[in-house]
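Source file work.cif; content: mmCIF, C-alpha atoms (C1' of nucleotides).
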data_coords
#
loop_
_atom_site.label_atom_id
_atom_site.label_comp_id
_atom_site.auth_asym_id
_atom_site.auth_seq_id
_atom_site.Cartn_x
_atom_site.Cartn_y
_atom_site.Cartn_z
CA MET V 1 -6.11 7.49 5.90
CA GLY V 2 -3.25 9.90 5.83
CA LYS V 3 -2.78 12.64 3.32
CA GLU V 4 -1.49 10.14 0.82
CA GLY V 5 -4.89 8.62 0.42
CA TYR V 6 -4.64 5.12 -0.83
CA LEU V 7 -7.63 3.64 -2.53
CA GLY V 8 -9.61 1.26 -0.36
CA GLU V 9 -10.39 -2.17 -1.68
CA PHE V 10 -14.03 -1.49 -2.41
CA GLU V 11 -13.42 2.03 -3.60
CA GLN V 12 -11.20 0.64 -6.29
CA VAL V 13 -13.86 -1.82 -7.42
CA LEU V 14 -16.43 0.94 -7.70
CA LEU V 15 -14.15 3.40 -9.43
CA LEU V 16 -13.24 0.85 -12.06
CA THR V 17 -16.86 -0.09 -12.59
CA ILE V 18 -17.84 3.54 -12.94
CA MET V 19 -15.25 4.08 -15.64
CA ARG V 20 -16.56 1.11 -17.52
CA LEU V 21 -20.20 2.18 -17.33
CA ASP V 22 -19.35 5.68 -18.42
CA ASP V 23 -22.56 7.70 -18.91
CA ASP V 24 -24.60 4.98 -17.35
CA ALA V 25 -22.92 4.97 -13.96
CA TYR V 26 -25.43 5.49 -11.16
CA GLY V 27 -26.05 3.67 -7.88
CA VAL V 28 -28.13 0.62 -8.56
CA ARG V 29 -26.66 0.15 -11.99
CA ILE V 30 -23.16 0.14 -10.56
CA MET V 31 -24.29 -2.35 -7.98
CA SER V 32 -25.60 -4.84 -10.50
CA GLU V 33 -22.65 -4.37 -12.82
CA VAL V 34 -20.25 -5.31 -10.03
CA GLU V 35 -22.28 -8.37 -9.27
CA GLU V 36 -22.43 -9.43 -12.88
CA ARG V 37 -18.83 -8.72 -13.73
CA ILE V 38 -16.98 -10.20 -10.78
CA GLY V 39 -19.77 -12.14 -9.12
CA ARG V 40 -19.66 -10.13 -5.97
CA ARG V 41 -22.84 -9.36 -4.14
CA VAL V 42 -22.93 -5.86 -2.69
CA SER V 43 -25.64 -4.01 -0.82
CA ARG V 44 -27.17 -0.72 -1.87
CA GLY V 45 -25.99 0.97 1.24
CA SER V 46 -22.33 0.17 0.77
CA VAL V 47 -22.43 1.51 -2.75
CA TYR V 48 -24.04 4.82 -1.85
CA VAL V 49 -21.94 5.65 1.18
CA THR V 50 -18.80 4.78 -0.71
CA LEU V 51 -19.94 7.00 -3.55
CA ASP V 52 -20.52 9.83 -1.06
CA ARG V 53 -17.10 9.45 0.45
CA MET V 54 -15.35 9.29 -2.87
CA GLU V 55 -17.10 12.42 -4.01
CA GLU V 56 -15.93 14.21 -0.88
CA LYS V 57 -12.41 13.15 -1.62
CA GLY V 58 -12.70 14.41 -5.16
CA TRP V 59 -12.33 11.10 -6.94
CA ILE V 60 -15.72 11.38 -8.59
CA THR V 61 -18.26 14.10 -9.37
CA SER V 62 -21.96 13.64 -9.79
CA GLU V 63 -24.92 15.27 -11.43
CA THR V 64 -28.60 14.53 -11.46
CA ALA V 65 -30.07 13.03 -14.59
CA PRO V 66 -33.84 13.20 -15.19
CA ALA V 67 -34.87 9.61 -14.48
CA GLY V 68 -34.61 6.69 -16.84
CA SER V 69 -36.72 6.06 -19.91
CA GLY V 70 -39.08 3.21 -19.00
CA ARG V 71 -41.35 3.43 -16.00
CA GLY V 72 -41.07 5.71 -13.03
CA GLY V 73 -38.21 6.11 -10.69
CA ARG V 74 -36.59 8.93 -8.94
CA PRO V 75 -33.90 10.95 -10.69
CA ARG V 76 -30.59 9.28 -11.10
CA ARG V 77 -27.38 10.50 -9.64
CA VAL V 78 -24.92 9.83 -12.40
CA VAL V 79 -21.27 9.83 -11.39
CA ARG V 80 -18.02 10.22 -13.26
CA VAL V 81 -14.41 9.60 -12.28
CA THR V 82 -12.26 12.73 -12.04
CA PRO V 83 -8.65 12.99 -13.21
CA GLU V 84 -7.63 12.64 -9.56
CA GLY V 85 -9.60 9.44 -9.37
CA VAL V 86 -7.95 8.10 -12.50
CA GLU V 87 -4.59 8.96 -11.06
CA ALA V 88 -5.26 7.14 -7.82
CA LEU V 89 -6.39 4.15 -9.83
CA THR V 90 -3.26 4.24 -11.93
CA LYS V 91 -0.96 4.39 -8.95
CA SER V 92 -2.76 1.58 -7.26
CA ARG V 93 -2.46 -0.54 -10.37
CA GLU V 94 1.22 0.13 -10.70
CA ALA V 95 1.87 -0.84 -7.10
CA LEU V 96 -0.04 -4.07 -7.50
CA LEU V 97 1.72 -4.91 -10.72
CA THR V 98 5.05 -4.37 -8.98
CA LEU V 99 4.07 -6.53 -6.05
CA TRP V 100 2.81 -9.33 -8.25
CA ASP V 101 5.87 -9.32 -10.42
CA GLY V 102 7.53 -12.69 -10.23
CA LEU V 103 4.76 -14.27 -8.17
CA GLU V 104 2.32 -14.86 -11.01
CA HIS V 105 3.02 -18.53 -11.04
CA ALA V 106 2.10 -19.01 -7.41
CA LEU V 107 -1.04 -16.95 -7.95
CA GLY V 108 -2.38 -19.01 -10.77
CA GLY V 109 -1.31 -16.54 -13.38
CA MET K 1 -16.91 -7.78 6.38
CA GLY K 2 -19.15 -10.73 5.81
CA LYS K 3 -18.21 -14.36 5.67
CA GLU K 4 -16.83 -13.91 2.18
CA GLY K 5 -13.85 -12.06 3.50
CA TYR K 6 -12.34 -9.91 0.84
CA LEU K 7 -8.76 -8.86 1.24
CA GLY K 8 -8.29 -5.34 2.52
CA GLU K 9 -6.06 -3.02 0.57
CA PHE K 10 -3.18 -3.11 3.03
CA GLU K 11 -3.62 -6.77 3.81
CA GLN K 12 -3.01 -7.51 0.18
CA VAL K 13 0.18 -5.46 0.13
CA LEU K 14 1.53 -7.29 3.15
CA LEU K 15 0.55 -10.73 1.96
CA LEU K 16 2.27 -10.19 -1.36
CA THR K 17 5.37 -8.86 0.34
CA ILE K 18 5.47 -11.82 2.69
CA MET K 19 5.36 -14.24 -0.21
CA ARG K 20 8.23 -12.46 -1.85
CA LEU K 21 10.40 -12.42 1.27
CA ASP K 22 9.74 -16.08 1.92
CA ASP K 23 11.85 -17.28 4.86
CA ASP K 24 12.85 -13.77 5.66
CA ALA K 25 9.38 -12.38 6.31
CA TYR K 26 9.15 -10.80 9.75
CA GLY K 27 7.79 -7.49 10.97
CA VAL K 28 10.39 -4.83 10.46
CA ARG K 29 11.79 -6.54 7.41
CA ILE K 30 8.36 -6.58 5.78
CA MET K 31 7.97 -2.93 6.63
CA SER K 32 11.17 -1.88 4.93
CA GLU K 33 10.58 -4.13 1.95
CA VAL K 34 7.22 -2.46 1.29
CA GLU K 35 8.82 0.92 1.49
CA GLU K 36 11.62 -0.02 -0.82
CA ARG K 37 9.53 -1.87 -3.34
CA ILE K 38 6.58 0.45 -3.83
CA GLY K 39 7.85 3.54 -2.06
CA ARG K 40 5.17 3.49 0.53
CA ARG K 41 5.94 4.52 4.06
CA VAL K 42 4.23 2.37 6.67
CA SER K 43 4.41 2.42 10.44
CA ARG K 44 5.47 -0.49 12.59
CA GLY K 45 2.13 -0.55 14.31
CA SER K 46 0.11 -0.99 11.16
CA VAL K 47 2.26 -3.88 10.09
CA TYR K 48 2.05 -5.78 13.36
CA VAL K 49 -1.63 -5.23 13.93
CA THR K 50 -2.43 -6.32 10.42
CA LEU K 51 -0.22 -9.36 10.82
CA ASP K 52 -2.11 -10.31 14.00
CA ARG K 53 -5.46 -9.97 12.31
CA MET K 54 -4.42 -11.95 9.28
CA GLU K 55 -3.13 -14.73 11.46
CA GLU K 56 -6.47 -14.87 13.26
CA LYS K 57 -8.18 -15.18 9.93
CA GLY K 58 -5.89 -17.96 8.89
CA TRP K 59 -4.18 -16.23 6.00
CA ILE K 60 -0.75 -16.53 7.57
CA THR K 61 0.92 -18.60 10.28
CA SER K 62 3.92 -17.60 12.32
CA GLU K 63 6.72 -19.14 14.28
CA THR K 64 9.50 -17.75 16.36
CA ALA K 65 12.98 -17.82 14.91
CA PRO K 66 15.95 -17.50 17.30
CA ALA K 67 17.11 -13.97 16.50
CA GLY K 68 19.20 -12.95 13.54
CA SER K 69 22.81 -13.92 13.08
CA GLY K 70 24.93 -10.79 13.50
CA ARG K 71 24.12 -8.27 16.17
CA GLY K 72 21.55 -8.31 18.93
CA GLY K 73 17.84 -8.23 18.60
CA ARG K 74 14.88 -10.00 20.03
CA PRO K 75 13.63 -13.22 18.43
CA ARG K 76 11.88 -12.78 15.15
CA ARG K 77 8.35 -13.74 14.43
CA VAL K 78 8.61 -15.15 10.97
CA VAL K 79 5.38 -15.45 9.06
CA ARG K 80 4.26 -17.46 6.07
CA VAL K 81 1.22 -17.26 3.83
CA THR K 82 -1.16 -20.21 4.11
CA PRO K 83 -2.95 -21.86 1.19
CA GLU K 84 -6.06 -19.92 2.23
CA GLY K 85 -4.07 -16.74 2.00
CA VAL K 86 -2.79 -17.60 -1.43
CA GLU K 87 -6.31 -18.36 -2.52
CA ALA K 88 -7.61 -15.03 -1.30
CA LEU K 89 -4.77 -13.34 -3.14
CA THR K 90 -5.53 -15.22 -6.32
CA LYS K 91 -9.20 -14.33 -6.24
CA SER K 92 -8.44 -10.73 -5.62
CA ARG K 93 -6.04 -10.66 -8.52
CA GLU K 94 -8.54 -12.25 -10.85
CA ALA K 95 -11.21 -9.73 -9.93
CA LEU K 96 -8.86 -6.82 -10.51
CA LEU K 97 -7.69 -8.19 -13.82
CA THR K 98 -11.30 -8.52 -14.90
CA LEU K 99 -12.14 -5.00 -13.83
CA TRP K 100 -9.12 -3.52 -15.57
CA ASP K 101 -9.77 -5.36 -18.77
CA GLY K 102 -10.29 -2.86 -21.53
CA LEU K 103 -9.41 0.14 -19.40
CA GLU K 104 -5.64 -0.27 -19.50
CA HIS K 105 -5.25 2.57 -21.92
CA ALA K 106 -6.96 5.04 -19.62
CA LEU K 107 -4.89 3.79 -16.73
CA GLY K 108 -1.56 4.36 -18.34
CA GLY K 109 -1.11 0.73 -19.18
"C1'" DG C 1 26.15 -4.36 34.61
"C1'" DT C 2 25.47 -0.71 31.10
"C1'" DA C 3 24.84 0.56 26.62
"C1'" DG C 4 23.39 0.00 21.91
"C1'" DT C 5 20.53 -2.68 18.51
"C1'" DT C 6 16.91 -5.09 16.61
"C1'" DG C 7 12.46 -6.29 16.94
"C1'" DT C 8 7.70 -7.02 18.82
"C1'" DC C 9 3.57 -5.54 21.39
"C1'" DC C 10 -0.01 -2.37 23.13
"C1'" DT C 11 -3.42 1.20 23.14
"C1'" DA C 12 -6.14 4.47 20.96
"C1'" DC C 13 -8.33 6.45 17.28
"C1'" DA C 14 -9.54 7.41 12.18
"C1'" DA C 15 -11.22 5.63 7.92
"C1'" DA C 16 -13.49 2.23 5.06
"C1'" DG C 17 -16.95 -1.34 4.46
"C1'" DT C 18 -21.66 -3.42 5.33
"C1'" DC C 19 -26.64 -3.71 5.83
"C1'" DG C 20 -31.56 -3.14 5.21
"C1'" DG C 21 -35.40 -0.12 6.14
"C1'" DA C 22 -37.33 4.44 5.09
"C1'" DA C 23 -38.28 8.01 2.09
"C1'" DT C 24 -38.65 10.16 -2.58
"C1'" DT C 25 -40.02 10.61 -7.39
"C1'" DG C 26 -42.41 9.76 -11.52
"C1'" DG C 27 -45.45 6.73 -14.58
"C1'" DG C 28 -49.77 4.35 -15.11
"C1'" DT C 29 -54.67 3.63 -14.35
"C1'" DC C 30 -59.57 4.65 -13.70
"C1'" DG O 1 -56.31 13.62 -8.97
"C1'" DA O 2 -56.05 9.70 -5.75
"C1'" DC O 3 -53.78 5.40 -5.72
"C1'" DC O 4 -50.59 1.99 -6.51
"C1'" DC O 5 -46.18 0.43 -8.17
"C1'" DA O 6 -41.39 0.43 -9.75
"C1'" DA O 7 -36.92 2.59 -9.59
"C1'" DT O 8 -33.60 4.92 -6.90
"C1'" DT O 9 -31.43 7.33 -3.45
"C1'" DC O 10 -30.69 8.36 1.50
"C1'" DC O 11 -30.17 7.36 6.49
"C1'" DG O 12 -28.45 5.46 10.82
"C1'" DA O 13 -26.00 2.01 13.31
"C1'" DC O 14 -22.40 -0.89 13.60
"C1'" DT O 15 -18.07 -3.96 12.29
"C1'" DT O 16 -13.65 -4.34 10.19
"C1'" DT O 17 -9.41 -2.29 8.49
"C1'" DG O 18 -5.84 1.01 8.53
"C1'" DT O 19 -2.60 4.24 11.10
"C1'" DA O 20 0.65 5.85 14.50
"C1'" DG O 21 4.17 5.89 17.87
"C1'" DG O 22 5.61 4.96 22.64
"C1'" DA O 23 6.72 1.16 25.72
"C1'" DC O 24 9.00 -2.94 26.34
"C1'" DA O 25 11.82 -7.34 25.54
"C1'" DA O 26 15.84 -10.05 24.06
"C1'" DC O 27 20.33 -10.41 22.63
"C1'" DT O 28 25.59 -8.71 21.80
"C1'" DA O 29 29.50 -6.61 23.18
"C1'" DC O 30 32.22 -4.30 26.33
#
Render the structure in this file as structure tokens.
Amino acid sequence: MGKEGYLGEFEQVLLLTIMRLDDDAYGVRIMSEVEERIGRRVSRGSVYVTLDRMEEKGWITSETAPAGSGRGGRPRRVVRVTPEGVEALTKSREALLTLWDGLEHALGG
Amino acid sequence: MGKEGYLGEFEQVLLLTIMRLDDDAYGVRIMSEVEERIGRRVSRGSVYVTLDRMEEKGWITSETAPAGSGRGGRPRRVVRVTPEGVEALTKSREALLTLWDGLEHALGG
DNA sequence: GTAGTTGTCCTACAAAGTCGGAATTGGGTC
DNA sequence: GACCCAATTCCGACTTTGTAGGACAACTAC
């Protein structure tokens, strides 16, 4: 999407979830956190490709962490939201807040 | 997108703008209202195509209104958000509010 | 009728979202 | 150290959304 680069619907969900998880933000964990927090079922694939795309766009960075404590598992790719990502999130939030203004009643708010 | 049917980013912007414009919600008017309200430039095409798709999905309905008062112009297609549309909007808002909860500070809120 | 205005529609393409199987990595067990 | 198992990421194929602007239609006023 044009140079502007608005946050996609799902991208926003992931970005917000990543911020919340902080040091613990990696693929499958993000996936289950989304499900638990807003009751939305997402597939592994959608999470990973979206992560890839957001990294390309510079909204997140990632680094490999040496696998979790418990049993096996391949190394985790832990991600983190960049300042650009936070900015996109902030703008998106402001726009939404502006659009909702005055309509809260109709939207059950 | 599966049966669930989450609101796309742009769909949400349009739906909210349509609610605000009420009886005055038709293509070009919606376009300029979005631009004025959140400073986002959108093309005619994206508005109309998105309107078509949302009507197919039952989030809005439309009816033809016999052209505006003053000068010329072809008849307007005035749209209105359906209860299903309002519901989708409400759910989306709730999810976002939940995801933002506790992160407001980081998001300039 | 010819021109100017307002508004919608169409076509084509780019970007985002979705899914589940396949492959990879490391721990445990004997 | 050969196997099996759990945890995670990666891959490929496809559907839905988002974007853009030219073409076209309807109405007013001369």
Would you give me, as a tab-separated table, each residue of chain K having an atom within 7 Å of an atom of chain C, along with its shortest atom pair and that distance in Å to one decimal, using only C-alpha atoms (C1' of nucleotides) and sorting by chain and residue number?
residue	atom	partner	partner_atom	distance
K:Met1	CA	C:DT18	C1'	6.5
K:Val28	CA	C:DG7	C1'	7.0
K:Gly72	CA	C:DT5	C1'	5.7
K:Gly73	CA	C:DT6	C1'	3.8
K:Arg74	CA	C:DG7	C1'	5.4
K:Arg76	CA	C:DG7	C1'	6.8
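Here CA of Trp59 in chain V stands at a distance of 11.5 Å from CA of Leu16 in chain V.
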Neighbours of chain V in chain O at 12 Å, counting only C-alpha atoms (C1' of nucleotides), as an MDAnalysis selection string: chainID O and resid 5:12 17:20
For the contact check between chain K and chain V, emit one row per residue of chain K within 9 Å, containing the shortest atom pair and the distance in Å rounded to one decimal, counting all atoms listed in the file, chain then rising number order, as JSON lines.
{"residue": "K:Tyr6", "atom": "CA", "partner": "V:Glu9", "partner_atom": "CA", "distance": 8.4}
{"residue": "K:Leu7", "atom": "CA", "partner": "V:Glu9", "partner_atom": "CA", "distance": 7.5}
{"residue": "K:Gly8", "atom": "CA", "partner": "V:Glu9", "partner_atom": "CA", "distance": 5.7}
{"residue": "K:Glu9", "atom": "CA", "partner": "V:Glu9", "partner_atom": "CA", "distance": 5.0}
{"residue": "K:Phe10", "atom": "CA", "partner": "V:Gly8", "partner_atom": "CA", "distance": 8.5}
{"residue": "K:Gln12", "atom": "CA", "partner": "V:Leu96", "partner_atom": "CA", "distance": 8.9}
{"residue": "K:Val13", "atom": "CA", "partner": "V:Leu99", "partner_atom": "CA", "distance": 7.4}
{"residue": "K:Leu16", "atom": "CA", "partner": "V:Leu99", "partner_atom": "CA", "distance": 6.2}
{"residue": "K:Thr17", "atom": "CA", "partner": "V:Leu99", "partner_atom": "CA", "distance": 6.9}
{"residue": "K:Met19", "atom": "CA", "partner": "V:Leu103", "partner_atom": "CA", "distance": 8.0}
{"residue": "K:Arg20", "atom": "CA", "partner": "V:Leu103", "partner_atom": "CA", "distance": 7.4}
{"residue": "K:Val34", "atom": "CA", "partner": "V:Leu99", "partner_atom": "CA", "distance": 9.0}
{"residue": "K:Arg37", "atom": "CA", "partner": "V:Thr98", "partner_atom": "CA", "distance": 7.6}
{"residue": "K:Ile38", "atom": "CA", "partner": "V:Ala95", "partner_atom": "CA", "distance": 5.9}
{"residue": "K:Gly39", "atom": "CA", "partner": "V:Ala95", "partner_atom": "CA", "distance": 9.0}
{"residue": "K:Val86", "atom": "CA", "partner": "V:Leu107", "partner_atom": "CA", "distance": 6.8}
{"residue": "K:Glu87", "atom": "CA", "partner": "V:Leu107", "partner_atom": "CA", "distance": 7.7}
{"residue": "K:Leu89", "atom": "CA", "partner": "V:Leu107", "partner_atom": "CA", "distance": 7.1}
{"residue": "K:Thr90", "atom": "CA", "partner": "V:Leu107", "partner_atom": "CA", "distance": 5.1}
{"residue": "K:Lys91", "atom": "CA", "partner": "V:Leu107", "partner_atom": "CA", "distance": 8.7}
{"residue": "K:Arg93", "atom": "CA", "partner": "V:Leu107", "partner_atom": "CA", "distance": 8.1}
{"residue": "K:Glu94", "atom": "CA", "partner": "V:Ile38", "partner_atom": "CA", "distance": 8.7}
{"residue": "K:Ala95", "atom": "CA", "partner": "V:Ile38", "partner_atom": "CA", "distance": 5.9}
{"residue": "K:Leu96", "atom": "CA", "partner": "V:Val13", "partner_atom": "CA", "distance": 7.7}
{"residue": "K:Thr98", "atom": "CA", "partner": "V:Ile38", "partner_atom": "CA", "distance": 7.2}
{"residue": "K:Leu99", "atom": "CA", "partner": "V:Leu16", "partner_atom": "CA", "distance": 6.2}
{"residue": "K:Trp100", "atom": "CA", "partner": "V:Leu16", "partner_atom": "CA", "distance": 7.0}
{"residue": "K:Gly102", "atom": "CA", "partner": "V:Arg20", "partner_atom": "CA", "distance": 8.4}
{"residue": "K:Leu103", "atom": "CA", "partner": "V:Arg20", "partner_atom": "CA", "distance": 7.5}
{"residue": "K:Ala106", "atom": "CA", "partner": "V:Val86", "partner_atom": "CA", "distance": 7.8}
{"residue": "K:Leu107", "atom": "CA", "partner": "V:Thr90", "partner_atom": "CA", "distance": 5.1}
{"residue": "K:Gly108", "atom": "CA", "partner": "V:Thr90", "partner_atom": "CA", "distance": 6.6}
{"residue": "K:Gly109", "atom": "CA", "partner": "V:Thr90", "partner_atom": "CA", "distance": 8.3}
One-decimal distance in Å that lies between C1' of DT28 in chain O and CA of Ser62 in chain K: 25.3 Å
CA of Thr50 in chain V to C1' of DT16 in chain O, distance in Å rounded to a single decimal: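 So the answer is 15.1 Å.
Among the candidate residues K:His105, K:Glu33, K:Thr82, K:Val42, the one lying nearest to Ile60 in chain K is K:Thr82, with distances computed using all atoms listed in the file.
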Exercise on range 62-66 of chain K, axis-aligned box with 8 Å per side, report centre and edge lengths in Å to one decimal, as AutoDock Vina command-line options:
--center_x 9.9 --center_y -18.3 --center_z 14.8 --size_x 28.0 --size_y 17.6 --size_z 21.0
Some atoms are missing, so please complete range 7-26 of chain K with N, CA and C atoms and return it as a compact mmCIF listing (two decimals), keeping the file's coordinate frame.
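rebuild14.txt, freshly written:
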# COMPACT_ATOMS: atom_id res chain seq x y z
N LEU K 7 -10.03 -9.38 0.77
CA LEU K 7 -8.76 -8.86 1.24
C LEU K 7 -8.80 -7.34 1.30
N GLY K 8 -8.35 -6.79 2.42
CA GLY K 8 -8.29 -5.34 2.52
C GLY K 8 -7.12 -4.87 1.67
N GLU K 9 -7.10 -3.60 1.40
CA GLU K 9 -6.06 -3.02 0.57
C GLU K 9 -4.66 -3.28 1.15
N PHE K 10 -4.49 -2.95 2.39
CA PHE K 10 -3.18 -3.11 3.03
C PHE K 10 -2.84 -4.58 3.27
N GLU K 11 -3.84 -5.35 3.59
CA GLU K 11 -3.62 -6.77 3.81
C GLU K 11 -3.01 -7.38 2.55
N GLN K 12 -3.51 -6.98 1.44
CA GLN K 12 -3.01 -7.51 0.18
C GLN K 12 -1.54 -7.14 -0.03
N VAL K 13 -1.21 -5.91 0.27
CA VAL K 13 0.18 -5.46 0.13
C VAL K 13 1.09 -6.31 1.01
N LEU K 14 0.69 -6.50 2.25
CA LEU K 14 1.53 -7.29 3.15
C LEU K 14 1.65 -8.74 2.72
N LEU K 15 0.54 -9.33 2.38
CA LEU K 15 0.55 -10.73 1.96
C LEU K 15 1.49 -10.94 0.78
N LEU K 16 1.41 -10.07 -0.18
CA LEU K 16 2.27 -10.19 -1.36
C LEU K 16 3.74 -10.02 -0.99
N THR K 17 3.99 -9.10 -0.09
CA THR K 17 5.37 -8.86 0.34
C THR K 17 5.92 -10.05 1.12
N ILE K 18 5.07 -10.65 1.91
CA ILE K 18 5.47 -11.82 2.69
C ILE K 18 5.84 -12.98 1.76
N MET K 19 5.05 -13.17 0.73
CA MET K 19 5.36 -14.24 -0.21
C MET K 19 6.72 -14.01 -0.85
N ARG K 20 6.97 -12.79 -1.20
CA ARG K 20 8.23 -12.46 -1.85
C ARG K 20 9.42 -12.68 -0.93
N LEU K 21 9.29 -12.29 0.33
CA LEU K 21 10.40 -12.42 1.27
C LEU K 21 10.65 -13.86 1.69
N ASP K 22 9.63 -14.66 1.57
CA ASP K 22 9.74 -16.08 1.92
C ASP K 22 10.26 -16.27 3.34
N ASP K 23 11.35 -16.97 3.52
CA ASP K 23 11.85 -17.28 4.86
C ASP K 23 12.28 -16.06 5.66
N ASP K 24 12.37 -14.96 4.99
CA ASP K 24 12.85 -13.77 5.66
C ASP K 24 11.73 -12.79 6.01
N ALA K 25 10.52 -13.27 6.05
CA ALA K 25 9.38 -12.38 6.31
C ALA K 25 9.06 -12.21 7.79
N TYR K 26 9.48 -11.12 8.35
CA TYR K 26 9.15 -10.80 9.75
C TYR K 26 8.93 -9.30 9.81
